[in-house]
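> Structure file upload-v2.cif (mmCIF, C-alpha atoms) is given on the next line.
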```
data_model
#
loop_
_atom_site.label_atom_id
_atom_site.label_comp_id
_atom_site.auth_asym_id
_atom_site.auth_seq_id
_atom_site.Cartn_x
_atom_site.Cartn_y
_atom_site.Cartn_z
CA MET A 1 84.29 82.23 86.41
CA SER A 2 80.90 83.82 85.69
CA GLU A 3 79.72 87.35 84.89
CA HIS A 4 76.74 88.91 86.62
CA PRO A 5 74.89 92.19 85.98
CA LEU A 6 74.77 94.40 89.07
CA TRP A 7 71.77 96.56 88.29
CA PRO A 8 68.32 95.40 87.13
CA THR A 9 68.10 98.29 84.65
CA THR A 10 71.46 98.01 82.81
CA GLY A 11 73.84 95.25 81.81
CA GLU A 12 76.71 97.71 81.45
CA VAL A 13 77.88 97.25 85.04
CA THR A 14 78.93 93.71 86.01
CA VAL A 15 81.00 91.65 88.39
CA THR A 16 82.89 88.63 87.14
CA ALA A 17 83.09 86.05 89.92
CA PHE A 18 86.22 83.99 90.52
CA PRO A 19 85.17 81.70 93.41
CA VAL A 20 87.36 79.34 95.40
CA ALA A 21 86.31 75.78 96.10
CA GLY A 22 85.93 74.02 99.42
CA GLY A 23 87.14 74.78 102.91
CA GLY A 24 84.12 76.72 104.13
CA PRO A 25 83.10 80.32 103.45
CA ALA A 26 86.01 82.22 101.90
CA PRO A 27 87.05 85.84 102.28
CA ALA A 28 86.33 87.94 99.21
CA ILE A 29 87.74 90.98 97.45
CA VAL A 30 86.13 93.21 94.84
CA VAL A 31 88.78 94.15 92.25
CA CYS A 32 88.60 97.59 90.59
CA PRO A 33 90.84 97.87 87.50
CA GLY A 34 92.35 101.25 86.66
CA GLY A 35 92.25 103.33 83.51
CA ALA A 36 91.82 106.99 84.54
CA TYR A 37 88.01 106.60 84.52
CA HIS A 38 88.44 106.45 80.73
CA HIS A 39 88.84 102.69 80.19
CA LEU A 40 89.35 99.57 82.30
CA ALA A 41 92.75 97.87 82.18
CA ASP A 42 92.34 94.14 81.51
CA HIS A 43 95.66 93.19 83.14
CA GLU A 44 94.41 94.65 86.43
CA GLY A 45 91.32 92.43 86.40
CA ALA A 46 91.27 88.69 85.74
CA PRO A 47 95.00 88.05 86.40
CA VAL A 48 94.66 89.73 89.79
CA ALA A 49 91.56 87.69 90.56
CA ARG A 50 93.43 84.47 89.80
CA TRP A 51 96.28 85.56 92.08
CA LEU A 52 93.78 86.19 94.87
CA ASN A 53 92.28 82.75 94.24
CA SER A 54 95.75 81.26 94.78
CA LEU A 55 95.62 82.78 98.29
CA GLY A 56 92.23 81.21 98.99
CA VAL A 57 90.39 84.51 98.44
CA ALA A 58 87.31 84.71 96.23
CA ALA A 59 87.55 87.59 93.75
CA PHE A 60 84.94 89.66 91.94
CA VAL A 61 86.19 91.88 89.11
CA LEU A 62 84.06 95.00 88.80
CA ARG A 63 83.23 96.57 85.46
CA TYR A 64 82.12 100.01 86.62
CA ARG A 65 80.90 102.99 84.63
CA ILE A 66 83.51 105.31 83.16
CA ALA A 67 83.47 108.52 81.09
CA PRO A 68 81.23 109.94 79.78
CA HIS A 69 79.51 108.81 82.99
CA ARG A 70 80.31 111.05 85.95
CA HIS A 71 80.50 110.85 89.73
CA PRO A 72 78.74 109.42 91.68
CA LEU A 73 77.95 106.60 89.24
CA PRO A 74 81.27 104.70 89.57
CA LEU A 75 81.02 104.93 93.37
CA LEU A 76 77.44 103.67 93.31
CA ASP A 77 78.65 100.76 91.17
CA ALA A 78 81.43 99.92 93.62
CA ALA A 79 79.04 100.08 96.57
CA ARG A 80 76.60 97.88 94.70
CA ALA A 81 79.36 95.35 94.02
CA VAL A 82 80.21 94.96 97.71
CA ARG A 83 76.51 94.72 98.51
CA TRP A 84 76.02 92.13 95.74
CA VAL A 85 78.86 89.98 97.07
CA ARG A 86 77.42 90.06 100.58
CA HIS A 87 73.86 89.42 99.39
CA HIS A 88 74.95 86.42 97.31
CA ALA A 89 77.50 85.16 99.83
CA ALA A 90 75.78 81.83 100.48
CA GLY A 91 75.57 81.01 96.77
CA THR A 92 79.16 81.96 96.02
CA GLY A 93 80.82 80.42 99.07
CA VAL A 94 81.81 83.77 100.56
CA ASP A 95 81.98 84.95 104.16
CA PRO A 96 79.92 88.19 104.15
CA ALA A 97 81.86 89.48 107.16
CA ARG A 98 85.11 89.43 105.16
CA VAL A 99 84.62 91.45 101.98
CA GLY A 100 87.36 93.88 100.95
CA VAL A 101 88.28 96.00 97.93
CA LEU A 102 91.43 96.22 95.82
CA GLY A 103 92.05 98.83 93.15
CA PHE A 104 94.72 100.07 90.78
CA SER A 105 95.33 103.71 89.83
CA ALA A 106 91.87 105.24 89.22
CA GLY A 107 90.41 101.95 90.44
CA GLY A 108 92.44 102.54 93.59
CA HIS A 109 90.79 105.93 93.89
CA LEU A 110 87.38 104.30 93.51
CA ALA A 111 88.22 101.64 96.12
CA GLY A 112 89.49 104.42 98.39
CA LEU A 113 86.31 106.46 97.96
CA LEU A 114 84.29 103.43 98.99
CA ALA A 115 86.54 102.69 101.97
CA THR A 116 86.30 106.29 103.21
CA GLY A 117 82.59 106.73 102.50
CA THR A 118 80.16 107.48 105.29
CA GLY A 119 76.79 107.84 103.56
CA PRO A 120 74.35 105.18 102.35
CA MET A 121 75.68 105.35 98.76
CA LEU A 122 72.36 104.43 97.22
CA PRO A 123 70.93 105.53 93.86
CA GLU A 124 67.61 107.24 93.47
CA GLY A 125 64.75 105.09 92.28
CA PRO A 126 63.55 101.60 93.19
CA HIS A 127 65.73 99.62 95.59
CA ASP A 128 65.91 95.85 95.99
CA ALA A 129 67.18 93.32 98.53
CA VAL A 130 70.79 93.74 97.38
CA ASP A 131 70.74 97.35 98.58
CA GLU A 132 69.97 96.19 102.12
CA ALA A 133 73.53 94.82 102.49
CA ASP A 134 76.39 96.87 103.93
CA PRO A 135 78.56 98.55 101.21
CA ARG A 136 81.50 99.22 103.52
CA PRO A 137 84.58 97.06 102.83
CA GLY A 138 86.45 95.43 105.70
CA LEU A 139 89.82 96.43 104.24
CA ALA A 140 91.27 98.12 101.17
CA VAL A 141 94.33 97.47 99.00
CA LEU A 142 95.30 100.51 96.90
CA CYS A 143 97.92 99.96 94.21
CA TYR A 144 99.65 103.10 92.80
CA PRO A 145 96.35 104.86 93.53
CA VAL A 146 95.05 108.18 92.35
CA THR A 147 94.43 109.82 95.72
CA ALA A 148 94.08 113.52 94.87
CA LEU A 149 91.89 115.32 92.35
CA THR A 150 93.30 118.74 93.23
CA GLY A 151 96.69 120.19 94.16
CA PRO A 152 100.20 119.18 93.06
CA ALA A 153 99.57 115.44 93.56
CA ALA A 154 96.39 115.46 91.48
CA HIS A 155 95.85 113.22 88.48
CA ARG A 156 94.13 115.63 86.12
CA GLY A 157 93.04 112.97 83.63
CA SER A 158 91.13 111.00 86.23
CA ALA A 159 89.63 114.17 87.68
CA GLY A 160 88.45 115.35 84.27
CA ASN A 161 86.94 112.00 83.31
CA LEU A 162 85.21 111.53 86.66
CA LEU A 163 83.96 115.08 87.25
CA GLY A 164 84.22 116.99 83.98
CA ALA A 165 86.46 119.94 83.22
CA ASP A 166 84.31 122.50 85.07
CA ALA A 167 83.92 120.72 88.42
CA PRO A 168 84.23 123.10 91.38
CA GLU A 169 87.42 122.95 93.40
CA SER A 170 85.36 122.08 96.47
CA VAL A 171 84.12 118.89 94.81
CA ARG A 172 87.63 117.90 93.73
CA GLU A 173 88.77 118.40 97.31
CA GLU A 174 85.83 116.42 98.70
CA LEU A 175 86.77 113.45 96.51
CA SER A 176 90.48 113.52 97.40
CA LEU A 177 91.16 110.61 99.72
CA ALA A 178 93.40 112.05 102.46
CA GLY A 179 90.73 114.46 103.63
CA ARG A 180 88.09 111.73 103.80
CA VAL A 181 89.90 109.49 106.31
CA THR A 182 88.30 109.03 109.73
CA GLY A 183 88.82 106.71 112.66
CA ASP A 184 86.24 104.39 111.05
CA THR A 185 88.26 103.92 107.85
CA PRO A 186 89.15 100.24 107.43
CA PRO A 187 92.76 98.96 107.38
CA MET A 188 94.67 99.75 104.19
CA PHE A 189 97.59 98.31 102.25
CA LEU A 190 99.22 100.89 99.95
CA TRP A 191 102.01 100.57 97.42
CA HIS A 192 103.55 102.86 94.82
CA THR A 193 106.81 103.45 92.97
CA ALA A 194 108.88 106.50 93.83
CA ASP A 195 109.41 107.58 90.23
CA ASP A 196 105.84 107.06 88.95
CA GLU A 197 105.55 109.72 86.25
CA SER A 198 101.78 109.42 85.81
CA VAL A 199 100.43 109.46 89.37
CA PRO A 200 102.75 111.11 91.93
CA VAL A 201 103.76 109.01 94.92
CA ALA A 202 103.20 112.11 97.07
CA GLY A 203 99.48 111.40 97.04
CA THR A 204 99.95 107.94 98.52
CA LEU A 205 102.26 109.35 101.19
CA ALA A 206 99.70 112.02 102.08
CA LEU A 207 97.03 109.34 102.41
CA SER A 208 99.34 107.30 104.64
CA GLN A 209 99.87 110.33 106.87
CA ALA A 210 96.12 110.82 107.14
CA LEU A 211 95.66 107.17 108.11
CA ALA A 212 98.34 107.57 110.77
CA ARG A 213 96.69 110.70 112.20
CA HIS A 214 93.46 108.78 112.66
CA GLY A 215 95.04 105.60 113.98
CA VAL A 216 93.96 103.46 111.04
CA PRO A 217 96.02 100.25 110.65
CA GLN A 218 98.09 100.39 107.48
CA GLU A 219 101.00 98.94 105.58
CA VAL A 220 102.83 101.03 102.99
CA HIS A 221 105.50 100.09 100.46
CA VAL A 222 107.29 102.52 98.13
CA TYR A 223 109.53 100.81 95.60
CA PRO A 224 112.48 102.75 94.16
CA SER A 225 111.52 102.55 90.51
CA GLY A 226 108.86 101.26 88.16
CA ARG A 227 106.46 102.53 85.55
CA HIS A 228 102.84 103.28 86.30
CA GLY A 229 100.35 100.50 85.64
CA LEU A 230 102.51 97.48 86.50
CA GLY A 231 99.62 95.40 87.83
CA LEU A 232 101.02 92.22 89.35
CA ALA A 233 104.46 93.52 88.22
CA GLU A 234 105.63 90.12 86.96
CA GLU A 235 108.02 91.93 84.62
CA ASP A 236 109.77 93.64 87.54
CA PRO A 237 111.18 91.28 90.21
CA VAL A 238 111.69 94.10 92.71
CA VAL A 239 108.18 95.55 92.53
CA ALA A 240 106.64 92.07 92.21
CA ASP A 241 107.44 91.79 95.92
CA TRP A 242 104.19 93.66 96.58
CA THR A 243 102.11 90.52 96.06
CA ALA A 244 103.95 88.61 98.81
CA ARG A 245 103.70 91.60 101.14
CA CYS A 246 100.01 92.00 100.40
CA ALA A 247 99.36 88.29 100.90
CA ALA A 248 100.91 88.56 104.38
CA PHE A 249 98.81 91.65 105.12
CA LEU A 250 95.65 89.82 104.10
CA ARG A 251 96.53 86.81 106.24
CA GLY A 252 97.21 89.10 109.16
CA ARG A 253 93.74 90.65 108.84
CA GLY A 254 92.04 87.24 108.65
CA TRP A 255 91.65 87.17 104.90
#
```
Just dump the structure as structure tokens.


Amino acid sequence: MSEHPLWPTTGEVTVTAFPVAGGGPAPAIVVCPGGAYHHLADHEGAPVARWLNSLGVAAFVLRYRIAPHRHPLPLLDAARAVRWVRHHAAGTGVDPARVGVLGFSAGGHLAGLLATGTGPMLPEGPHDAVDEADPRPGLAVLCYPVTALTGPAAHRGSAGNLLGADAPESVREELSLAGRVTGDTPPMFLWHTADDESVPVAGTLALSQALARHGVPQEVHVYPSGRHGLGLAEEDPVVADWTARCAAFLRGRGW
């Protein structure tokens, strides 16, 4: 395990690398913890990386910028993380052709923004060799994700922290995931609980419908009950099933 700054101008944004040993270049996943763009939930970081390691997947836990920082800074950080993993693939034992993203709650929104992005996602100012790598993930795993920043399925806390209270409705709509899906969106694994009181499951279902309309491969699981923020869900034997289902999804996609 080792922590690395992502930008040459600030040490605030980092990835913590959890490599796997031996067996040739490994698939990799950038992990985005949740926290409503207000904080980063520790239980959705390192424990998830170690679980991925148990599957033979290298993991990189992203510490991205949160409030008072605003969009697009978290998205630029996520894009930089995928680029960094690809750029440093040889040194970290990673296959640069197999780099995915996994996020929880607001981190799921961030992973989803990256997976549905179409632009270069580059900051202004000097660029370096890292920025020459592709920021697009090969797949995305979204766990009880924030998918909407407007409408009845919106998570107002995440929207306010990411965009500010006075953000135009058009911007909130632009950053809601269902409307961003295209035929080029990578395969997705989605899971949620039906009675999530913090982030409505309706948003995940709307995203699934958008993926279906565009023919994007997907796997979706809605568990009957469980609080928001379960992470690996080790406390809940029913919802903990998601890790086995996700492991099978990853294997099926060559991860």

> List as a tab-separated table every residue of stretch 79-185 of chain A that is in contact with stretch 32-54 of chain A, defined as an atom at most 6 Å from one of its atoms (using only C-alpha atoms), together with the nearest atom pair and the distance in Å rounded to one decimal, sorted by chain and then rising number.


```
residue	atom	partner	partner_atom	distance
A:Gly103	CA	A:Cys32	CA	4.5
A:Phe104	CA	A:Gly34	CA	4.9
A:Ser105	CA	A:Gly34	CA	5.0
A:Ala106	CA	A:Gly34	CA	4.8
A:Gly107	CA	A:Gly34	CA	4.3
A:Ser158	CA	A:Ala36	CA	4.4
A:Asn161	CA	A:Tyr37	CA	5.6
```

> Could you check how far atom CA of A:Arg156 sits from atom CA of A:Glu174, in Å to one decimal?

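Calculated distance between atom CA of A:Arg156 and atom CA of A:Glu174 is 15.1 Å.
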
> Is it possible to get the axis-aligned box enclosing stretch 16-35 of chain A (all listed atoms, 3 Å extra per side) as JSON, with centre and edge lengths in Å rounded to one decimal?


```
{"center_x": 87.6, "center_y": 88.7, "center_z": 93.8, "size_x": 15.5, "size_y": 35.3, "size_z": 26.6}
```

> Using the chain letters and residue numbers of this document, give as a ChimeraX atom specification the residues selected by the PyMOL selection byres ((chain A and resi 236-248) around 12).

/A:48,51-57,102,139-144,188-194,218-235,249-255

> With the PyMOL selection byres ((chain A and resi 63-77) around 10) as the selection, what would be picked from this file? Answer as an mmCIF file with C-alpha atoms, keeping the file's coordinate frame, please.


```
data_model
loop_
_atom_site.group_PDB
_atom_site.id
_atom_site.type_symbol
_atom_site.label_atom_id
_atom_site.label_comp_id
_atom_site.auth_asym_id
_atom_site.auth_seq_id
_atom_site.Cartn_x
_atom_site.Cartn_y
_atom_site.Cartn_z
ATOM 1 C CA GLU A 3 79.720 87.350 84.890
ATOM 2 C CA PRO A 5 74.890 92.190 85.980
ATOM 3 C CA LEU A 6 74.770 94.400 89.070
ATOM 4 C CA TRP A 7 71.770 96.560 88.290
ATOM 5 C CA GLU A 12 76.710 97.710 81.450
ATOM 6 C CA VAL A 13 77.880 97.250 85.040
ATOM 7 C CA THR A 14 78.930 93.710 86.010
ATOM 8 C CA VAL A 15 81.000 91.650 88.390
ATOM 9 C CA THR A 16 82.890 88.630 87.140
ATOM 10 C CA VAL A 31 88.780 94.150 92.250
ATOM 11 C CA CYS A 32 88.600 97.590 90.590
ATOM 12 C CA PRO A 33 90.840 97.870 87.500
ATOM 13 C CA GLY A 35 92.250 103.330 83.510
ATOM 14 C CA ALA A 36 91.820 106.990 84.540
ATOM 15 C CA TYR A 37 88.010 106.600 84.520
ATOM 16 C CA HIS A 38 88.440 106.450 80.730
ATOM 17 C CA HIS A 39 88.840 102.690 80.190
ATOM 18 C CA LEU A 40 89.350 99.570 82.300
ATOM 19 C CA GLY A 45 91.320 92.430 86.400
ATOM 20 C CA PHE A 60 84.940 89.660 91.940
ATOM 21 C CA VAL A 61 86.190 91.880 89.110
ATOM 22 C CA LEU A 62 84.060 95.000 88.800
ATOM 23 C CA ALA A 78 81.430 99.920 93.620
ATOM 24 C CA ALA A 79 79.040 100.080 96.570
ATOM 25 C CA ARG A 80 76.600 97.880 94.700
ATOM 26 C CA ALA A 81 79.360 95.350 94.020
ATOM 27 C CA VAL A 82 80.210 94.960 97.710
ATOM 28 C CA ARG A 83 76.510 94.720 98.510
ATOM 29 C CA GLY A 107 90.410 101.950 90.440
ATOM 30 C CA HIS A 109 90.790 105.930 93.890
ATOM 31 C CA LEU A 110 87.380 104.300 93.510
ATOM 32 C CA ALA A 111 88.220 101.640 96.120
ATOM 33 C CA GLY A 112 89.490 104.420 98.390
ATOM 34 C CA LEU A 113 86.310 106.460 97.960
ATOM 35 C CA LEU A 114 84.290 103.430 98.990
ATOM 36 C CA GLY A 117 82.590 106.730 102.500
ATOM 37 C CA PRO A 120 74.350 105.180 102.350
ATOM 38 C CA MET A 121 75.680 105.350 98.760
ATOM 39 C CA LEU A 122 72.360 104.430 97.220
ATOM 40 C CA PRO A 123 70.930 105.530 93.860
ATOM 41 C CA PRO A 135 78.560 98.550 101.210
ATOM 42 C CA SER A 158 91.130 111.000 86.230
ATOM 43 C CA ALA A 159 89.630 114.170 87.680
ATOM 44 C CA GLY A 160 88.450 115.350 84.270
ATOM 45 C CA ASN A 161 86.940 112.000 83.310
ATOM 46 C CA LEU A 162 85.210 111.530 86.660
ATOM 47 C CA LEU A 163 83.960 115.080 87.250
ATOM 48 C CA GLY A 164 84.220 116.990 83.980
ATOM 49 C CA LEU A 175 86.770 113.450 96.510
#
```

> Given the choices A:Gly179, A:Pro137, A:Gly91, A:Pro8, which gets closest to A:Ile29 if the distance is worked out from only C-alpha atoms?

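Comparing A:Gly179, A:Pro137, A:Gly91, A:Pro8 against A:Ile29, the winner is A:Pro137.
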
> Need to verify the contact set: A:Thr9, 12 Å, all atoms listed in the file, exclusion of same-chain residues closer than 6 positions in sequence. Can you return it as number ranges by chain?

A: 125-128

> Since the input lacks some atoms of stretch 80-105 of chain A, please model N, CA and C atoms and print them as a compact mmCIF listing (two decimals), in the frame of the given file.


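Output below, filename part.txt:
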```txt
# COMPACT_ATOMS: atom_id res chain seq x y z
N ARG A 80 77.50 98.96 95.10
CA ARG A 80 76.60 97.88 94.70
C ARG A 80 77.35 96.55 94.61
N ALA A 81 78.59 96.59 94.14
CA ALA A 81 79.36 95.35 94.02
C ALA A 81 79.60 94.71 95.37
N VAL A 82 80.00 95.51 96.36
CA VAL A 82 80.21 94.96 97.71
C VAL A 82 78.90 94.44 98.27
N ARG A 83 77.82 95.18 98.06
CA ARG A 83 76.51 94.72 98.51
C ARG A 83 76.14 93.41 97.82
N TRP A 84 76.38 93.33 96.51
CA TRP A 84 76.02 92.13 95.74
C TRP A 84 76.78 90.92 96.28
N VAL A 85 78.06 91.08 96.54
CA VAL A 85 78.86 89.98 97.07
C VAL A 85 78.30 89.51 98.41
N ARG A 86 77.97 90.44 99.27
CA ARG A 86 77.42 90.06 100.58
C ARG A 86 76.05 89.41 100.44
N HIS A 87 75.21 89.96 99.56
CA HIS A 87 73.86 89.42 99.39
C HIS A 87 73.90 87.99 98.84
N HIS A 88 74.85 87.73 97.96
CA HIS A 88 74.95 86.42 97.31
C HIS A 88 76.00 85.53 97.96
N ALA A 89 76.39 85.86 99.18
CA ALA A 89 77.50 85.16 99.83
C ALA A 89 77.26 83.65 99.92
N ALA A 90 76.05 83.26 100.31
CA ALA A 90 75.78 81.83 100.48
C ALA A 90 75.95 81.07 99.16
N GLY A 91 75.50 81.68 98.06
CA GLY A 91 75.57 81.01 96.77
C GLY A 91 76.94 81.00 96.15
N THR A 92 77.81 81.88 96.60
CA THR A 92 79.16 81.96 96.02
C THR A 92 80.25 81.47 96.96
N GLY A 93 79.85 80.96 98.13
CA GLY A 93 80.82 80.42 99.07
C GLY A 93 81.66 81.46 99.77
N VAL A 94 81.08 82.63 100.00
CA VAL A 94 81.81 83.77 100.56
C VAL A 94 81.35 84.02 101.99
N ASP A 95 82.29 84.49 102.81
CA ASP A 95 81.98 84.95 104.16
C ASP A 95 81.59 86.42 104.08
N PRO A 96 80.34 86.78 104.32
CA PRO A 96 79.92 88.19 104.15
C PRO A 96 80.58 89.14 105.12
N ALA A 97 81.17 88.61 106.20
CA ALA A 97 81.86 89.48 107.16
C ALA A 97 83.27 89.83 106.71
N ARG A 98 83.75 89.18 105.65
CA ARG A 98 85.11 89.43 105.16
C ARG A 98 85.07 89.76 103.67
N VAL A 99 84.67 90.97 103.37
CA VAL A 99 84.62 91.45 101.98
C VAL A 99 85.44 92.73 101.91
N GLY A 100 86.49 92.72 101.11
CA GLY A 100 87.36 93.88 100.95
C GLY A 100 87.35 94.39 99.53
N VAL A 101 88.14 95.44 99.27
CA VAL A 101 88.28 96.00 97.93
C VAL A 101 89.76 96.14 97.60
N LEU A 102 90.06 96.04 96.33
CA LEU A 102 91.43 96.22 95.82
C LEU A 102 91.33 96.98 94.51
N GLY A 103 92.11 98.05 94.37
CA GLY A 103 92.05 98.83 93.15
C GLY A 103 93.39 99.34 92.70
N PHE A 104 93.51 99.56 91.41
CA PHE A 104 94.72 100.07 90.78
C PHE A 104 94.47 101.45 90.19
N SER A 105 95.38 102.39 90.45
CA SER A 105 95.33 103.71 89.83
C SER A 105 93.96 104.36 90.07
```
